[in-house]
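**Q** Here's a structure for you.
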Amino acid sequence: MKILLFIGMMLQTAVLAGQDLKPFKQIDVQITPWHHIPALIKLPDNTKSGKRYPLLVCLHGRSIAGTDITKIFRQGVARQMHEGQNIDAVNKVDGKKYEFIVMAPLATSWSLGPEHLYTAISDVMKRYPIDSSRIYITGYSAGGWSVGMAVTDKNMAKRIAAAVNMSPATIDAENMKNFRITAANNIHVWYFGGSEEPVFLGNCKLFADSTNKYKPGLTKLTVGDHKHCCWEQYYNPSYRENGMNIYEWLLQ
């Protein structure tokens, strides 16, 4: 039995070694005291001793969930970076250039709830030089559900500096009552939705309105001419509105 287990571990290692995960590496992150899930992590190329970096957490859609870490590259920030895009950004407020630590966890099913996301972020904060005042999250579809749940959760909201939410799935009814938490923590959220995905665009508008009634001006909404798709155009750092891409917008 031990021999079979050893062979299985060796085969898994060989498969992972053959995967092209650049510029990321695979790690395991804790989501409960007893469970870990795989994640992709990318650190700045030349980290400096004593310096801390903003963390960008990227949350995938339902079709990506499972056990194949490479499926994360089908959409989102990880795809952009895997294809060679540089998301380093200049903060228009302080004029400084920032390099992100990027983490993309792989959920077993659907996406990550706020309690699991909180634990995962706590785990990587112990291991990497993360600036706790610059923790950003983004997600699309089911990952947008994760973002919506996080910004309305009393514990997670305290950690989030800003968020980008694309075509979010409907969040839990209890959380829909909690956008005052988003406002109280001054979380700016940029929403993206398509004119041909009425449910998801409706969620964007509802989430934004539910925040703005407590604190006007915290949200931004972009409506594209598309169905439940096409998030790559927004994650591409060349996409800009008012002179800023989403990475520059998050930092300000």
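Labels used: A, B, ... for chains in the order of the structure tokens, numbers from 1 for residues in each chain, and numbers from 1 for ligands as shown.
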Which neighbours of A:Ile64 fall inside 12 Å, counting only C-alpha atoms, when residues of the same chain fewer than 5 positions from it are skipped, and could you give them as an MDAnalysis selection string?
**A** chainID A and resid 59 69:76 104:111 140:143
**Q** List every residue of stretch 68-179 of chain A that DSSP, applied to the backbone of this structure, places in alpha helix (DSSP H), and write the result as a VMD selection string.
**A** chain A and resid 76 to 82 114 to 127 142 to 151 173 to 176 179
**Q** For atom CA of A:Gln19 and atom CA of A:Gly66, quote the distance in Å rounded to one decimal.
**A**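 Between these atoms lies a distance of 16.5 Å.
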**Q** Tell me, in Å to one decimal, how far atom CA of A:Tyr214 is from atom CA of A:Ile121.
**A**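 Distance reported for this atom pair: 27.3 Å.
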**Q** For A:Glu197, which residue among A:Thr211, A:Ser167, A:Thr32, A:Asn86 is the nearest when counting only C-alpha atoms?
**A**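 Among the listed residues, A:Ser167 lies closest to A:Glu197.
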**Q** In Å, with one decimal, what is the gap from atom CA of A:Ala161 to atom CA of A:Cys204?
**A** 18.9 Å
**Q** Taking into account only C-alpha atoms, which residue in the set A:Ser210, A:Ala150, A:Phe192, A:Ala65 is nearest to A:Met176?
**A**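 Between A:Ser210, A:Ala150, A:Phe192, A:Ala65, the residue approaching A:Met176 most closely is A:Ser210.
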**Q** Find the residues around A:Ile101 up to 6 Å (only C-alpha atoms counted), leave out those fewer than 6 positions away in its own chain, and share them as an MDAnalysis selection string.
**A** chainID A and resid 42:43 55
**Q** Within 6 Å of A:Leu112, counting only C-alpha atoms, which residues qualify if same-chain residues fewer than 2 places away don't, as a short mmCIF file (atom, residue, chain, number, x, y, z; two decimals) with N, CA and C atoms, in the first residue's frame?
**A**
data_model
loop_
_atom_site.label_atom_id
_atom_site.label_comp_id
_atom_site.auth_asym_id
_atom_site.auth_seq_id
_atom_site.Cartn_x
_atom_site.Cartn_y
_atom_site.Cartn_z
N HIS A 116 -13.72 30.94 3.95
CA HIS A 116 -12.59 30.23 3.33
C HIS A 116 -11.60 31.22 2.73
N LEU A 117 -12.10 32.26 2.12
CA LEU A 117 -11.22 33.28 1.54
C LEU A 117 -10.41 33.97 2.63
N SER A 146 -18.19 35.32 -5.07
CA SER A 146 -17.22 35.36 -3.98
C SER A 146 -16.89 36.79 -3.59
#
**Q** List the neighbours of A:Val102 out to 12 Å using only C-alpha atoms; skip same-chain residues closer than 3 positions along the sequence, and give me the result as a PDB file with N, CA and C atoms, in the first residue's frame.
**A**
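Once everything was written out, this is out-v2.pdb:
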ATOM      1  N   PRO A  23       3.819  32.645 -15.338  1.00  0.00           N
ATOM      2  CA  PRO A  23       4.925  32.949 -14.421  1.00  0.00           C
ATOM      3  C   PRO A  23       4.621  32.564 -12.971  1.00  0.00           C
ATOM      4  N   PHE A  24       3.629  31.702 -12.782  1.00  0.00           N
ATOM      5  CA  PHE A  24       3.189  31.305 -11.447  1.00  0.00           C
ATOM      6  C   PHE A  24       3.907  30.046 -10.977  1.00  0.00           C
ATOM      7  N   LYS A  25       3.740  29.768  -9.706  1.00  0.00           N
ATOM      8  CA  LYS A  25       4.059  28.449  -9.174  1.00  0.00           C
ATOM      9  C   LYS A  25       2.853  27.976  -8.380  1.00  0.00           C
ATOM     10  N   GLN A  26       2.744  26.669  -8.195  1.00  0.00           N
ATOM     11  CA  GLN A  26       1.609  26.123  -7.459  1.00  0.00           C
ATOM     12  C   GLN A  26       1.958  25.949  -5.994  1.00  0.00           C
ATOM     13  N   ALA A  39      -3.455  26.503  -5.289  1.00  0.00           N
ATOM     14  CA  ALA A  39      -3.541  27.890  -5.754  1.00  0.00           C
ATOM     15  C   ALA A  39      -2.314  28.202  -6.593  1.00  0.00           C
ATOM     16  N   LEU A  40      -2.462  29.173  -7.468  1.00  0.00           N
ATOM     17  CA  LEU A  40      -1.321  29.722  -8.187  1.00  0.00           C
ATOM     18  C   LEU A  40      -0.871  30.980  -7.462  1.00  0.00           C
ATOM     19  N   ILE A  41       0.442  31.173  -7.377  1.00  0.00           N
ATOM     20  CA  ILE A  41       0.984  32.363  -6.732  1.00  0.00           C
ATOM     21  C   ILE A  41       2.081  32.948  -7.609  1.00  0.00           C
ATOM     22  N   LYS A  42       2.101  34.261  -7.691  1.00  0.00           N
ATOM     23  CA  LYS A  42       3.174  34.954  -8.434  1.00  0.00           C
ATOM     24  C   LYS A  42       3.678  36.101  -7.577  1.00  0.00           C
ATOM     25  N   LEU A  43       4.979  36.076  -7.306  1.00  0.00           N
ATOM     26  CA  LEU A  43       5.625  37.147  -6.558  1.00  0.00           C
ATOM     27  C   LEU A  43       6.308  38.106  -7.527  1.00  0.00           C
ATOM     28  N   PRO A  44       6.544  39.342  -7.115  1.00  0.00           N
ATOM     29  CA  PRO A  44       7.347  40.240  -7.950  1.00  0.00           C
ATOM     30  C   PRO A  44       8.688  39.601  -8.283  1.00  0.00           C
ATOM     31  N   ASP A  45       9.223  39.939  -9.432  1.00  0.00           N
ATOM     32  CA  ASP A  45      10.451  39.283  -9.902  1.00  0.00           C
ATOM     33  C   ASP A  45      11.627  39.518  -8.978  1.00  0.00           C
ATOM     34  N   TYR A  53       4.188  44.178  -0.496  1.00  0.00           N
ATOM     35  CA  TYR A  53       3.572  44.339  -1.813  1.00  0.00           C
ATOM     36  C   TYR A  53       2.063  44.147  -1.742  1.00  0.00           C
ATOM     37  N   PRO A  54       1.327  44.836  -2.615  1.00  0.00           N
ATOM     38  CA  PRO A  54      -0.126  44.622  -2.664  1.00  0.00           C
ATOM     39  C   PRO A  54      -0.454  43.201  -3.101  1.00  0.00           C
ATOM     40  N   LEU A  55      -1.528  42.667  -2.535  1.00  0.00           N
ATOM     41  CA  LEU A  55      -2.005  41.330  -2.892  1.00  0.00           C
ATOM     42  C   LEU A  55      -3.260  41.457  -3.745  1.00  0.00           C
ATOM     43  N   LEU A  56      -3.269  40.765  -4.878  1.00  0.00           N
ATOM     44  CA  LEU A  56      -4.454  40.691  -5.728  1.00  0.00           C
ATOM     45  C   LEU A  56      -4.918  39.238  -5.759  1.00  0.00           C
ATOM     46  N   VAL A  57      -6.110  38.997  -5.229  1.00  0.00           N
ATOM     47  CA  VAL A  57      -6.683  37.647  -5.200  1.00  0.00           C
ATOM     48  C   VAL A  57      -7.678  37.524  -6.348  1.00  0.00           C
ATOM     49  N   CYS A  58      -7.518  36.488  -7.150  1.00  0.00           N
ATOM     50  CA  CYS A  58      -8.307  36.304  -8.372  1.00  0.00           C
ATOM     51  C   CYS A  58      -9.193  35.073  -8.233  1.00  0.00           C
ATOM     52  N   LEU A  59     -10.498  35.269  -8.402  1.00  0.00           N
ATOM     53  CA  LEU A  59     -11.476  34.215  -8.127  1.00  0.00           C
ATOM     54  C   LEU A  59     -12.186  33.814  -9.412  1.00  0.00           C
ATOM     55  N   GLY A  76      -9.486  35.457 -16.831  1.00  0.00           N
ATOM     56  CA  GLY A  76      -9.067  36.271 -15.703  1.00  0.00           C
ATOM     57  C   GLY A  76      -7.641  36.791 -15.737  1.00  0.00           C
ATOM     58  N   VAL A  77      -7.213  37.294 -14.574  1.00  0.00           N
ATOM     59  CA  VAL A  77      -5.887  37.874 -14.429  1.00  0.00           C
ATOM     60  C   VAL A  77      -4.808  36.847 -14.739  1.00  0.00           C
ATOM     61  N   ALA A  78      -4.983  35.617 -14.248  1.00  0.00           N
ATOM     62  CA  ALA A  78      -3.972  34.584 -14.465  1.00  0.00           C
ATOM     63  C   ALA A  78      -3.752  34.328 -15.950  1.00  0.00           C
ATOM     64  N   ARG A  79      -4.821  34.338 -16.734  1.00  0.00           N
ATOM     65  CA  ARG A  79      -4.666  34.154 -18.175  1.00  0.00           C
ATOM     66  C   ARG A  79      -3.843  35.280 -18.782  1.00  0.00           C
ATOM     67  N   GLN A  80      -4.136  36.507 -18.389  1.00  0.00           N
ATOM     68  CA  GLN A  80      -3.385  37.642 -18.917  1.00  0.00           C
ATOM     69  C   GLN A  80      -1.897  37.499 -18.629  1.00  0.00           C
ATOM     70  N   MET A  81      -1.569  37.137 -17.414  1.00  0.00           N
ATOM     71  CA  MET A  81      -0.166  37.003 -17.026  1.00  0.00           C
ATOM     72  C   MET A  81       0.479  35.803 -17.689  1.00  0.00           C
ATOM     73  N   HIS A  82      -0.273  34.707 -17.826  1.00  0.00           N
ATOM     74  CA  HIS A  82       0.234  33.497 -18.470  1.00  0.00           C
ATOM     75  C   HIS A  82       0.563  33.769 -19.936  1.00  0.00           C
ATOM     76  N   ASN A  86       1.857  42.258 -18.534  1.00  0.00           N
ATOM     77  CA  ASN A  86       2.419  42.790 -17.297  1.00  0.00           C
ATOM     78  C   ASN A  86       1.367  43.662 -16.618  1.00  0.00           C
ATOM     79  N   ILE A  87       0.965  43.293 -15.406  1.00  0.00           N
ATOM     80  CA  ILE A  87      -0.080  44.051 -14.718  1.00  0.00           C
ATOM     81  C   ILE A  87       0.473  45.031 -13.692  1.00  0.00           C
ATOM     82  N   ASP A  88       1.792  45.177 -13.611  1.00  0.00           N
ATOM     83  CA  ASP A  88       2.353  46.209 -12.734  1.00  0.00           C
ATOM     84  C   ASP A  88       1.714  47.540 -13.084  1.00  0.00           C
ATOM     85  N   GLU A  99       4.132  46.594  -7.818  1.00  0.00           N
ATOM     86  CA  GLU A  99       4.131  45.223  -8.318  1.00  0.00           C
ATOM     87  C   GLU A  99       3.237  44.392  -7.392  1.00  0.00           C
ATOM     88  N   PRO A 105      -6.639  31.053  -6.219  1.00  0.00           N
ATOM     89  CA  PRO A 105      -6.976  29.744  -5.631  1.00  0.00           C
ATOM     90  C   PRO A 105      -7.932  28.963  -6.516  1.00  0.00           C
ATOM     91  N   ILE A 121      -6.298  33.955   2.748  1.00  0.00           N
ATOM     92  CA  ILE A 121      -5.505  35.181   2.774  1.00  0.00           C
ATOM     93  C   ILE A 121      -4.630  35.222   4.028  1.00  0.00           C
ATOM     94  N   VAL A 124      -1.500  33.065   3.322  1.00  0.00           N
ATOM     95  CA  VAL A 124      -0.440  33.636   2.478  1.00  0.00           C
ATOM     96  C   VAL A 124       0.188  34.874   3.118  1.00  0.00           C
ATOM     97  N   TYR A 128       4.268  35.403   2.832  1.00  0.00           N
ATOM     98  CA  TYR A 128       4.788  36.309   1.805  1.00  0.00           C
ATOM     99  C   TYR A 128       4.712  37.759   2.298  1.00  0.00           C
ATOM    100  N   PRO A 129       5.549  38.651   1.733  1.00  0.00           N
ATOM    101  CA  PRO A 129       5.603  40.053   2.192  1.00  0.00           C
ATOM    102  C   PRO A 129       4.446  40.892   1.645  1.00  0.00           C
ATOM    103  N   ILE A 130       3.277  40.732   2.228  1.00  0.00           N
ATOM    104  CA  ILE A 130       2.049  41.374   1.751  1.00  0.00           C
ATOM    105  C   ILE A 130       1.757  42.631   2.560  1.00  0.00           C
ATOM    106  N   ILE A 135      -4.985  44.958   0.040  1.00  0.00           N
ATOM    107  CA  ILE A 135      -5.482  43.646  -0.370  1.00  0.00           C
ATOM    108  C   ILE A 135      -6.680  43.872  -1.286  1.00  0.00           C
ATOM    109  N   TYR A 136      -6.569  43.384  -2.509  1.00  0.00           N
ATOM    110  CA  TYR A 136      -7.591  43.581  -3.534  1.00  0.00           C
ATOM    111  C   TYR A 136      -8.131  42.229  -3.979  1.00  0.00           C
ATOM    112  N   ILE A 137      -9.402  42.197  -4.367  1.00  0.00           N
ATOM    113  CA  ILE A 137      -9.981  40.966  -4.875  1.00  0.00           C
ATOM    114  C   ILE A 137     -10.719  41.240  -6.171  1.00  0.00           C
ATOM    115  N   THR A 138     -10.725  40.246  -7.047  1.00  0.00           N
ATOM    116  CA  THR A 138     -11.493  40.328  -8.280  1.00  0.00           C
ATOM    117  C   THR A 138     -11.998  38.940  -8.639  1.00  0.00           C
ATOM    118  N   TYR A 247      -6.111  47.705 -12.815  1.00  0.00           N
ATOM    119  CA  TYR A 247      -5.011  47.566 -11.850  1.00  0.00           C
ATOM    120  C   TYR A 247      -4.618  48.934 -11.307  1.00  0.00           C
TER     121      TYR A 247
END
**Q** Measuring between only C-alpha atoms, which one of A:Gly113, A:Gly148, A:Gly84, A:Gly224 shows the shortest distance to A:Leu21?
**A** A:Gly84
**Q** Please give the complete set of residues from stretch 157-202 of chain A that DSSP, run on the backbone, assigns to strand (DSSP E or B), formatted as a list of chain:residue names.
**A**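 Going through stretch 157-202 of chain A, the strand (DSSP E or B) residues come out as A:Ala162, A:Ala163, A:Val164, A:Asn165, A:Met166, A:His188, A:Val189, A:Trp190, A:Tyr191, A:Phe192, A:Gly193, A:Gly194.
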**Q** If we count only C-alpha atoms and set the cut-off at 12 Å, which residues sit around A:Val90, ignoring sequence neighbours fewer than 5 positions away in its own chain? Please answer as a PyMOL selection string.
**A** chain A and resi 95-100+237+243-252
**Q** Next, write the just-selected residues to a file, as an mmCIF file, in the first residue's frame, keeping C-alpha atoms as the atom set.
**A**
data_model
loop_
_atom_site.group_PDB
_atom_site.id
_atom_site.type_symbol
_atom_site.label_atom_id
_atom_site.label_comp_id
_atom_site.auth_asym_id
_atom_site.auth_seq_id
_atom_site.Cartn_x
_atom_site.Cartn_y
_atom_site.Cartn_z
ATOM 1 C CA GLY A 95 2.741 58.428 -8.700
ATOM 2 C CA LYS A 96 4.465 55.248 -7.533
ATOM 3 C CA LYS A 97 4.736 51.990 -9.460
ATOM 4 C CA TYR A 98 3.437 48.900 -7.691
ATOM 5 C CA GLU A 99 4.131 45.223 -8.318
ATOM 6 C CA PHE A 100 1.431 42.808 -7.191
ATOM 7 C CA PRO A 237 -4.166 45.943 -18.904
ATOM 8 C CA GLY A 243 -7.102 56.839 -18.468
ATOM 9 C CA MET A 244 -6.942 53.917 -16.030
ATOM 10 C CA ASN A 245 -6.994 50.140 -16.316
ATOM 11 C CA ILE A 246 -8.432 48.055 -13.485
ATOM 12 C CA TYR A 247 -5.011 47.566 -11.850
ATOM 13 C CA GLU A 248 -4.306 51.299 -11.738
ATOM 14 C CA TRP A 249 -7.860 51.926 -10.528
ATOM 15 C CA LEU A 250 -7.504 49.465 -7.647
ATOM 16 C CA LEU A 251 -4.370 51.182 -6.368
ATOM 17 C CA GLN A 252 -5.671 54.761 -6.197
#
**Q** Which residues come within 12 Å of A:Pro216, counting only C-alpha atoms, excluding same-chain residues fewer than 3 positions away, as a list of chain:residue names?
**A**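 Residues meeting the cut-off are A:Arg180, A:Thr182, A:Ala183, A:Ala184, A:Asn186, A:Ile187, A:His188, A:Val189, A:Ala208, A:Asp209, A:Ser210, A:Thr211, A:Asn212, A:Lys213, A:Thr219, A:Lys220.
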**Q** Those residues you just picked out, can you put them in a file as a short mmCIF file (atom, residue, chain, number, x, y, z; two decimals), in the first residue's frame with N, CA and C atoms?
**A**
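The file below, result.cif, is the result:
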data_model
loop_
_atom_site.label_atom_id
_atom_site.label_comp_id
_atom_site.auth_asym_id
_atom_site.auth_seq_id
_atom_site.Cartn_x
_atom_site.Cartn_y
_atom_site.Cartn_z
N ARG A 180 -24.25 47.78 3.80
CA ARG A 180 -23.80 48.83 4.71
C ARG A 180 -22.40 48.50 5.23
N THR A 182 -20.06 47.09 3.38
CA THR A 182 -19.19 47.55 2.29
C THR A 182 -18.93 49.03 2.42
N ALA A 183 -19.99 49.78 2.63
CA ALA A 183 -19.87 51.23 2.75
C ALA A 183 -19.09 51.64 3.99
N ALA A 184 -19.35 50.98 5.10
CA ALA A 184 -18.67 51.32 6.35
C ALA A 184 -17.17 51.10 6.26
N ASN A 186 -15.55 51.45 3.45
CA ASN A 186 -15.09 52.30 2.36
C ASN A 186 -14.49 51.50 1.20
N ILE A 187 -15.13 50.40 0.83
CA ILE A 187 -14.63 49.54 -0.24
C ILE A 187 -15.18 50.02 -1.58
N HIS A 188 -14.30 50.49 -2.43
CA HIS A 188 -14.67 50.86 -3.79
C HIS A 188 -14.74 49.60 -4.64
N VAL A 189 -15.81 49.47 -5.44
CA VAL A 189 -15.98 48.30 -6.30
C VAL A 189 -16.31 48.77 -7.72
N ALA A 208 -24.40 47.65 -6.73
CA ALA A 208 -23.93 49.03 -6.74
C ALA A 208 -24.91 49.96 -6.03
N ASP A 209 -26.18 49.83 -6.36
CA ASP A 209 -27.21 50.68 -5.74
C ASP A 209 -27.29 50.43 -4.24
N SER A 210 -27.14 49.15 -3.85
CA SER A 210 -27.23 48.80 -2.43
C SER A 210 -26.07 49.36 -1.63
N THR A 211 -24.94 49.59 -2.30
CA THR A 211 -23.79 50.23 -1.64
C THR A 211 -23.96 51.74 -1.61
N ASN A 212 -24.35 52.29 -2.75
CA ASN A 212 -24.41 53.75 -2.89
C ASN A 212 -25.48 54.39 -2.01
N LYS A 213 -26.48 53.63 -1.62
CA LYS A 213 -27.51 54.22 -0.74
C LYS A 213 -26.94 54.52 0.64
N THR A 219 -19.02 53.07 -5.96
CA THR A 219 -19.03 52.08 -7.03
C THR A 219 -18.92 52.72 -8.41
N LYS A 220 -18.52 51.89 -9.35
CA LYS A 220 -18.40 52.28 -10.75
C LYS A 220 -18.96 51.12 -11.55
#
**Q** So, with only C-alpha atoms as the atoms that count, which of A:Arg52, A:Arg62, A:Lys158, A:Lys177 lies closest to A:Met125?
**A**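 Result for the nearest residue to A:Met125: A:Arg52.
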